[in-house]
$ cat query15.tsv   # TSV, N, CA and C atoms
chain	number	residue	atom	x	y	z
A	30	LEU	N	-2.92	125.22	-172.59
A	30	LEU	CA	-3.80	124.51	-171.67
A	30	LEU	C	-4.43	125.48	-170.68
A	31	SER	N	-3.63	126.39	-170.14
A	31	SER	CA	-4.14	127.34	-169.16
A	31	SER	C	-5.17	128.27	-169.78
A	32	LEU	N	-4.89	128.75	-171.00
A	32	LEU	CA	-5.82	129.65	-171.67
A	32	LEU	C	-7.12	128.93	-171.99
A	33	SER	N	-7.02	127.68	-172.48
A	33	SER	CA	-8.24	126.94	-172.81
A	33	SER	C	-9.03	126.61	-171.55
A	34	LEU	N	-8.34	126.33	-170.45
A	34	LEU	CA	-9.02	126.05	-169.19
A	34	LEU	C	-9.73	127.29	-168.69
A	35	SER	N	-9.06	128.44	-168.75
A	35	SER	CA	-9.69	129.67	-168.26
A	35	SER	C	-10.86	130.07	-169.16
A	36	LEU	N	-10.73	129.84	-170.48
A	36	LEU	CA	-11.86	130.13	-171.38
A	36	LEU	C	-13.02	129.20	-171.11
A	37	GLY	N	-12.72	127.93	-170.81
A	37	GLY	CA	-13.78	126.98	-170.50
A	37	GLY	C	-14.50	127.36	-169.21
A	38	ILE	N	-13.75	127.78	-168.21
A	38	ILE	CA	-14.37	128.21	-166.95
A	38	ILE	C	-15.18	129.47	-167.17
A	39	PHE	N	-14.65	130.40	-167.99
A	39	PHE	CA	-15.38	131.63	-168.25
A	39	PHE	C	-16.68	131.35	-168.98
A	40	SER	N	-16.67	130.44	-169.97
A	40	SER	CA	-17.91	130.14	-170.68
A	40	SER	C	-18.90	129.44	-169.76
A	41	LEU	N	-18.40	128.61	-168.86
A	41	LEU	CA	-19.28	127.97	-167.88
A	41	LEU	C	-19.91	129.02	-166.97
A	42	LEU	N	-19.13	130.01	-166.56
A	42	LEU	CA	-19.65	131.10	-165.73
A	42	LEU	C	-20.69	131.91	-166.49
A	43	LYS	N	-20.46	132.12	-167.80
A	43	LYS	CA	-21.43	132.87	-168.59
A	43	LYS	C	-22.76	132.13	-168.66
A	44	VAL	N	-22.71	130.81	-168.86
A	44	VAL	CA	-23.94	130.03	-168.91
A	44	VAL	C	-24.66	130.09	-167.58
A	45	PHE	N	-23.93	129.94	-166.49
A	45	PHE	CA	-24.52	130.00	-165.16
A	45	PHE	C	-25.10	131.39	-164.90
A	46	ALA	N	-24.38	132.43	-165.31
A	46	ALA	CA	-24.84	133.79	-165.08
A	46	ALA	C	-26.10	134.09	-165.87
A	47	ARG	N	-26.17	133.59	-167.12
A	47	ARG	CA	-27.39	133.78	-167.90
A	47	ARG	C	-28.57	133.11	-167.25
A	48	ALA	N	-28.34	131.93	-166.70
A	48	ALA	CA	-29.42	131.21	-166.04
A	48	ALA	C	-29.87	131.94	-164.78
A	49	ARG	N	-28.98	132.62	-164.11
A	49	ARG	CA	-29.31	133.33	-162.87
A	49	ARG	C	-29.65	134.79	-163.11
A	50	GLY	N	-29.51	135.27	-164.35
A	50	GLY	CA	-29.83	136.66	-164.66
A	50	GLY	C	-28.75	137.63	-164.19
A	51	VAL	N	-27.51	137.19	-164.17
A	51	VAL	CA	-26.40	138.02	-163.71
A	51	VAL	C	-25.54	138.35	-164.91
A	52	ARG	N	-25.00	139.57	-164.95
A	52	ARG	CA	-24.12	139.95	-166.04
A	52	ARG	C	-22.67	139.75	-165.62
A	53	VAL	N	-21.92	139.07	-166.46
A	53	VAL	CA	-20.50	138.80	-166.18
A	53	VAL	C	-19.66	139.58	-167.16
A	54	MET	N	-18.62	140.26	-166.64
A	54	MET	CA	-17.72	141.00	-167.51
A	54	MET	C	-16.34	140.37	-167.42
A	55	ALA	N	-15.72	140.17	-168.57
A	55	ALA	CA	-14.39	139.55	-168.62
A	55	ALA	C	-13.32	140.61	-168.50
A	56	MET	N	-12.22	140.24	-167.88
A	56	MET	CA	-11.07	141.12	-167.80
A	56	MET	C	-10.29	140.99	-169.10
A	57	ALA	N	-9.81	142.08	-169.61
A	57	ALA	CA	-9.04	142.04	-170.83
A	57	ALA	C	-7.79	141.20	-170.63
A	58	GLU	N	-7.38	140.52	-171.69
A	58	GLU	CA	-6.23	139.62	-171.57
A	58	GLU	C	-4.96	140.38	-171.23
A	59	SER	N	-4.82	141.61	-171.72
A	59	SER	CA	-3.61	142.37	-171.42
A	59	SER	C	-3.56	142.78	-169.95
A	60	GLU	N	-4.72	142.92	-169.29
A	60	GLU	CA	-4.74	143.29	-167.88
A	60	GLU	C	-4.34	142.13	-166.99
A	61	SER	N	-4.57	140.90	-167.43
A	61	SER	CA	-4.30	139.75	-166.59
A	61	SER	C	-2.83	139.32	-166.64
A	62	ASN	N	-2.08	139.78	-167.62
A	62	ASN	CA	-0.67	139.42	-167.73
A	62	ASN	C	0.17	140.31	-166.82
A	63	ILE	N	1.16	139.70	-166.19
A	63	ILE	CA	2.06	140.43	-165.31
A	63	ILE	C	3.40	140.54	-166.00
A	64	ASP	N	3.95	141.73	-166.02
A	64	ASP	CA	5.25	141.95	-166.64
A	64	ASP	C	6.33	141.56	-165.63
A	65	THR	N	6.92	140.38	-165.83
A	65	THR	CA	7.89	139.86	-164.87
A	65	THR	C	9.16	140.70	-164.82
A	66	SER	N	9.56	141.26	-165.95
A	66	SER	CA	10.78	142.07	-165.94
A	66	SER	C	10.58	143.33	-165.08
A	67	GLU	N	9.38	143.88	-165.11
A	67	GLU	CA	9.10	145.05	-164.29
A	67	GLU	C	9.08	144.68	-162.80
A	68	VAL	N	8.52	143.53	-162.48
A	68	VAL	CA	8.49	143.08	-161.09
A	68	VAL	C	9.92	142.84	-160.60
A	69	LEU	N	10.74	142.17	-161.39
A	69	LEU	CA	12.12	141.91	-161.00
A	69	LEU	C	12.92	143.21	-160.86
A	70	LYS	N	12.66	144.16	-161.73
A	70	LYS	CA	13.35	145.45	-161.65
A	70	LYS	C	12.96	146.18	-160.36
A	71	THR	N	11.68	146.13	-160.00
A	71	THR	CA	11.21	146.76	-158.77
A	71	THR	C	11.86	146.11	-157.55
A	72	ILE	N	11.91	144.78	-157.56
A	72	ILE	CA	12.54	144.07	-156.44
A	72	ILE	C	14.02	144.42	-156.35
A	73	ALA	N	14.71	144.49	-157.49
A	73	ALA	CA	16.13	144.84	-157.50
A	73	ALA	C	16.34	146.27	-156.99
A	74	ASP	N	15.46	147.19	-157.38
A	74	ASP	CA	15.58	148.57	-156.90
A	74	ASP	C	15.36	148.65	-155.39
A	75	LYS	N	14.37	147.93	-154.90
A	75	LYS	CA	14.11	147.92	-153.45
A	75	LYS	C	15.29	147.31	-152.70
A	76	TRP	N	15.89	146.28	-153.27
A	76	TRP	CA	17.04	145.63	-152.62
A	76	TRP	C	18.22	146.60	-152.55
A	77	GLU	N	18.43	147.37	-153.63
A	77	GLU	CA	19.52	148.34	-153.64
A	77	GLU	C	19.28	149.46	-152.64
A	78	ASP	N	18.02	149.82	-152.41
A	78	ASP	CA	17.69	150.89	-151.45
A	78	ASP	C	17.77	150.42	-150.00
A	79	THR	N	17.81	149.11	-149.78
A	79	THR	CA	17.84	148.57	-148.42
A	79	THR	C	19.20	148.83	-147.79
A	80	GLU	N	19.16	149.41	-146.58
A	80	GLU	CA	20.41	149.72	-145.89
A	80	GLU	C	20.96	148.53	-145.13
A	81	ASN	N	20.11	147.78	-144.44
A	81	ASN	CA	20.54	146.69	-143.59
A	81	ASN	C	20.16	145.36	-144.25
A	82	LYS	N	20.93	144.96	-145.23
A	82	LYS	CA	20.62	143.77	-146.01
A	82	LYS	C	20.76	142.49	-145.19
A	83	SER	N	21.68	142.48	-144.25
A	83	SER	CA	21.85	141.27	-143.44
A	83	SER	C	20.63	141.01	-142.57
A	84	ALA	N	19.99	142.06	-142.07
A	84	ALA	CA	18.77	141.88	-141.27
A	84	ALA	C	17.64	141.34	-142.13
A	85	VAL	N	17.52	141.82	-143.36
A	85	VAL	CA	16.48	141.34	-144.26
A	85	VAL	C	16.70	139.86	-144.57
A	86	ILE	N	17.93	139.49	-144.84
A	86	ILE	CA	18.24	138.09	-145.13
A	86	ILE	C	17.94	137.22	-143.91
A	87	THR	N	18.26	137.72	-142.72
A	87	THR	CA	17.98	136.98	-141.49
A	87	THR	C	16.49	136.80	-141.30
A	88	TYR	N	15.70	137.85	-141.52
A	88	TYR	CA	14.24	137.75	-141.37
A	88	TYR	C	13.64	136.78	-142.38
A	89	VAL	N	14.10	136.83	-143.62
A	89	VAL	CA	13.58	135.93	-144.64
A	89	VAL	C	13.95	134.48	-144.32
A	90	ALA	N	15.18	134.24	-143.91
A	90	ALA	CA	15.60	132.89	-143.55
A	90	ALA	C	14.84	132.40	-142.32
A	91	GLY	N	14.66	133.28	-141.34
A	91	GLY	CA	13.89	132.91	-140.15
A	91	GLY	C	12.45	132.60	-140.48
A	92	GLY	N	11.85	133.39	-141.35
A	92	GLY	CA	10.47	133.13	-141.77
A	92	GLY	C	10.34	131.80	-142.50
A	93	ALA	N	11.29	131.53	-143.38
A	93	ALA	CA	11.26	130.25	-144.11
A	93	ALA	C	11.44	129.08	-143.15
A	94	ALA	N	12.33	129.24	-142.15
A	94	ALA	CA	12.54	128.18	-141.17
A	94	ALA	C	11.28	127.96	-140.33
A	95	LEU	N	10.58	129.05	-139.96
A	95	LEU	CA	9.34	128.91	-139.20
A	95	LEU	C	8.24	128.23	-140.00
A	96	VAL	N	8.15	128.54	-141.29
A	96	VAL	CA	7.15	127.87	-142.13
A	96	VAL	C	7.47	126.38	-142.21
A	97	TRP	N	8.73	126.04	-142.41
A	97	TRP	CA	9.12	124.63	-142.48
A	97	TRP	C	8.84	123.93	-141.15
A	98	LEU	N	9.21	124.57	-140.04
A	98	LEU	CA	9.01	123.99	-138.73
A	98	LEU	C	7.53	123.79	-138.42
A	99	SER	N	6.70	124.77	-138.75
A	99	SER	CA	5.28	124.63	-138.48
A	99	SER	C	4.68	123.51	-139.33
A	100	GLY	N	5.13	123.36	-140.55
A	100	GLY	CA	4.67	122.24	-141.38
A	100	GLY	C	5.07	120.90	-140.80
A	101	THR	N	6.27	120.83	-140.25
A	101	THR	CA	6.74	119.60	-139.62
A	101	THR	C	5.92	119.28	-138.37
A	102	VAL	N	5.65	120.30	-137.56
A	102	VAL	CA	4.87	120.09	-136.33
A	102	VAL	C	3.45	119.65	-136.67
A	103	VAL	N	2.83	120.30	-137.64
A	103	VAL	CA	1.47	119.91	-138.04
A	103	VAL	C	1.46	118.50	-138.60
A	104	GLY	N	2.47	118.13	-139.36
A	104	GLY	CA	2.55	116.76	-139.88
A	104	GLY	C	2.71	115.75	-138.76
A	105	ALA	N	3.52	116.09	-137.75
A	105	ALA	CA	3.70	115.17	-136.62
A	105	ALA	C	2.42	115.04	-135.81
A	106	ILE	N	1.72	116.14	-135.59
A	106	ILE	CA	0.46	116.08	-134.86
A	106	ILE	C	-0.57	115.28	-135.64
A	107	ASN	N	-0.58	115.46	-136.94
A	107	ASN	CA	-1.54	114.75	-137.78
A	107	ASN	C	-1.26	113.25	-137.81
A	108	ALA	N	-0.04	112.84	-137.53
A	108	ALA	CA	0.32	111.42	-137.54
A	108	ALA	C	-0.15	110.69	-136.28
A	109	ILE	N	-0.44	111.43	-135.20
A	109	ILE	CA	-0.95	110.81	-133.98
A	109	ILE	C	-2.42	110.46	-134.23
A	110	PRO	N	-2.83	109.22	-134.01
A	110	PRO	CA	-4.15	108.77	-134.44
A	110	PRO	C	-5.35	109.56	-133.90
A	111	VAL	N	-5.40	109.87	-132.63
A	111	VAL	CA	-6.59	110.47	-132.04
A	111	VAL	C	-6.53	112.00	-132.04
A	112	LEU	N	-5.35	112.56	-132.04
A	112	LEU	CA	-5.18	113.99	-131.86
A	112	LEU	C	-5.84	114.86	-132.93
A	113	PRO	N	-5.83	114.52	-134.22
A	113	PRO	CA	-6.52	115.38	-135.18
A	113	PRO	C	-8.01	115.53	-134.90
A	114	LYS	N	-8.67	114.44	-134.48
A	114	LYS	CA	-10.10	114.53	-134.18
A	114	LYS	C	-10.34	115.36	-132.93
A	115	VAL	N	-9.44	115.24	-131.94
A	115	VAL	CA	-9.56	116.06	-130.73
A	115	VAL	C	-9.40	117.53	-131.09
A	116	MET	N	-8.44	117.84	-131.96
A	116	MET	CA	-8.24	119.22	-132.38
A	116	MET	C	-9.45	119.75	-133.14
A	117	GLU	N	-10.08	118.90	-133.95
A	117	GLU	CA	-11.30	119.31	-134.64
A	117	GLU	C	-12.40	119.63	-133.64
A	118	LEU	N	-12.52	118.81	-132.60
A	118	LEU	CA	-13.53	119.07	-131.57
A	118	LEU	C	-13.24	120.36	-130.82
A	119	VAL	N	-11.97	120.62	-130.53
A	119	VAL	CA	-11.60	121.87	-129.88
A	119	VAL	C	-11.96	123.05	-130.77
A	120	GLY	N	-11.67	122.95	-132.04
A	120	GLY	CA	-12.01	124.02	-132.98
A	120	GLY	C	-13.51	124.23	-133.09
A	121	LEU	N	-14.27	123.15	-133.12
A	121	LEU	CA	-15.73	123.26	-133.18
A	121	LEU	C	-16.28	123.88	-131.90
A	122	ALA	N	-15.74	123.48	-130.75
A	122	ALA	CA	-16.19	124.05	-129.48
A	122	ALA	C	-15.87	125.54	-129.41
A	123	TYR	N	-14.67	125.93	-129.83
A	123	TYR	CA	-14.30	127.34	-129.80
A	123	TYR	C	-15.17	128.15	-130.75
A	124	SER	N	-15.41	127.61	-131.95
A	124	SER	CA	-16.26	128.32	-132.91
A	124	SER	C	-17.67	128.50	-132.37
A	125	THR	N	-18.20	127.46	-131.72
A	125	THR	CA	-19.53	127.55	-131.13
A	125	THR	C	-19.56	128.61	-130.03
A	126	TRP	N	-18.54	128.61	-129.17
A	126	TRP	CA	-18.47	129.62	-128.11
A	126	TRP	C	-18.37	131.02	-128.70
A	127	PHE	N	-17.55	131.20	-129.73
A	127	PHE	CA	-17.37	132.51	-130.34
A	127	PHE	C	-18.68	133.03	-130.92
A	128	VAL	N	-19.42	132.15	-131.61
A	128	VAL	CA	-20.70	132.56	-132.18
A	128	VAL	C	-21.66	132.95	-131.06
A	129	TYR	N	-21.73	132.14	-130.01
A	129	TYR	CA	-22.62	132.44	-128.90
A	129	TYR	C	-22.21	133.74	-128.20
A	130	ARG	N	-20.91	133.94	-128.03
A	130	ARG	CA	-20.42	135.09	-127.27
A	130	ARG	C	-20.49	136.38	-128.06
A	131	TYR	N	-20.17	136.35	-129.37
A	131	TYR	CA	-20.01	137.59	-130.11
A	131	TYR	C	-20.98	137.80	-131.26
A	132	VAL	N	-21.66	136.78	-131.75
A	132	VAL	CA	-22.44	136.94	-132.98
A	132	VAL	C	-23.95	136.92	-132.73
A	133	LEU	N	-24.41	136.14	-131.80
A	133	LEU	CA	-25.85	135.95	-131.63
A	133	LEU	C	-26.59	137.20	-131.18
A	134	PHE	N	-26.03	137.98	-130.29
A	134	PHE	CA	-26.75	139.09	-129.69
A	134	PHE	C	-26.20	140.42	-130.17
A	135	LYS	N	-27.10	141.38	-130.34
A	135	LYS	CA	-26.74	142.68	-130.90
A	135	LYS	C	-25.71	143.41	-130.04
A	136	GLU	N	-25.87	143.37	-128.71
A	136	GLU	CA	-24.94	144.07	-127.82
A	136	GLU	C	-23.54	143.48	-127.93
A	137	SER	N	-23.46	142.15	-128.03
A	137	SER	CA	-22.14	141.52	-128.12
A	137	SER	C	-21.49	141.78	-129.48
A	138	ARG	N	-22.31	141.93	-130.53
A	138	ARG	CA	-21.73	142.30	-131.84
A	138	ARG	C	-21.13	143.69	-131.78
A	139	LYS	N	-21.81	144.60	-131.09
A	139	LYS	CA	-21.26	145.95	-130.92
A	139	LYS	C	-19.94	145.90	-130.16
A	140	GLU	N	-19.90	145.07	-129.11
A	140	GLU	CA	-18.69	144.92	-128.33
A	140	GLU	C	-17.54	144.38	-129.19
A	141	LEU	N	-17.85	143.40	-130.04
A	141	LEU	CA	-16.84	142.83	-130.93
A	141	LEU	C	-16.31	143.89	-131.89
A	142	VAL	N	-17.21	144.70	-132.45
A	142	VAL	CA	-16.78	145.75	-133.38
A	142	VAL	C	-15.91	146.76	-132.66
A	143	GLU	N	-16.28	147.12	-131.42
A	143	GLU	CA	-15.46	148.07	-130.65
A	143	GLU	C	-14.08	147.50	-130.36
A	144	GLN	N	-14.03	146.22	-129.99
A	144	GLN	CA	-12.74	145.60	-129.72
A	144	GLN	C	-11.89	145.52	-130.99
A	145	PHE	N	-12.53	145.21	-132.11
A	145	PHE	CA	-11.80	145.13	-133.38
A	145	PHE	C	-11.27	146.50	-133.77
A	146	ASP	N	-12.10	147.54	-133.63
A	146	ASP	CA	-11.65	148.89	-133.97
A	146	ASP	C	-10.51	149.34	-133.07
A	147	ALA	N	-10.58	148.99	-131.77
A	147	ALA	CA	-9.50	149.35	-130.85
A	147	ALA	C	-8.20	148.65	-131.25
A	148	LEU	N	-8.29	147.36	-131.60
A	148	LEU	CA	-7.10	146.63	-132.04
A	148	LEU	C	-6.55	147.20	-133.34
A	149	LYS	N	-7.46	147.54	-134.26
A	149	LYS	CA	-7.02	148.10	-135.54
A	149	LYS	C	-6.30	149.43	-135.34
A	150	SER	N	-6.83	150.28	-134.47
A	150	SER	CA	-6.17	151.57	-134.25
A	150	SER	C	-4.86	151.38	-133.49
A	151	LYS	N	-4.80	150.37	-132.63
A	151	LYS	CA	-3.56	150.09	-131.91
A	151	LYS	C	-2.47	149.61	-132.85
A	152	VAL	N	-2.84	148.73	-133.79
A	152	VAL	CA	-1.87	148.20	-134.75
A	152	VAL	C	-1.44	149.30	-135.72
A	153	ALA	N	-2.39	150.14	-136.12
A	153	ALA	CA	-2.07	151.22	-137.05
A	153	ALA	C	-1.28	152.34	-136.39
A	154	GLY	N	-1.23	152.33	-135.05
A	154	GLY	CA	-0.46	153.34	-134.34
A	154	GLY	C	-1.21	154.63	-134.10
A	155	GLU	N	-2.53	154.58	-134.07
A	155	GLU	CA	-3.31	155.79	-133.88
A	155	GLU	C	-3.51	156.14	-132.41
A	156	LEU	N	-3.21	155.21	-131.49
A	156	LEU	CA	-3.39	155.49	-130.06
A	156	LEU	C	-2.15	156.08	-129.46

$ encode --input "query15.tsv" --output "structure tokens"
Amino acid sequence: LSLSLSLGIFSLLKVFARARGVRVMAMAESESNIDTSEVLKTIADKWEDTENKSAVITYVAGGAALVWLSGTVVGAINAIPVLPKVMELVGLAYSTWFVYRYVLFKESRKELVEQFDALKSKVAGEL
């Protein structure tokens, strides 16, 4: 089913590309397959090289708990009748402000790029 679906999508893309004058190249089938035994072996090797396994387990469990908790909070917020629409309005207002502040004018775009580069170098540890 998956192979027939992907072939159907690929043929649809070819028809669309011919109509638009675009050339589409398919990925070889052997390139799209992932060797699961190799992935599992790599994970096992990395696990054996890990010195502080209890910290890794704690971080993974904490991350999973945070994902579950955030899903629960979002579900609870979504259950309140008016709040989702208010949150959409807040998001729309912030997006509008962001576009006005950083995207519309050339000087502000330069400022945004400078701020982004400063943050990127700070995160990468170059400062």

$ atom_distance --input "query15.tsv" --atom1 "CA of Lys82 in chain A" --atom2 "CA of Val152 in chain A"
25.5 Å

$ atom_distance --input "query15.tsv" --atom1 "CA of Val132 in chain A" --atom2 "CA of Lys151 in chain A"
23.0 Å

$ atom_distance --input "query15.tsv" --atom1 "CA of Asn62 in chain A" --atom2 "atom N of Asp74 in chain A"
20.7 Å

$ residues_around --input "query15.tsv" --residues "range 120-127 of chain A" --least-positions-apart "5" --cutoff "12 Å" --atoms "only C-alpha atoms" --output "PyMOL selection string"
chain A and resi 113-115+132-134+137-138+141
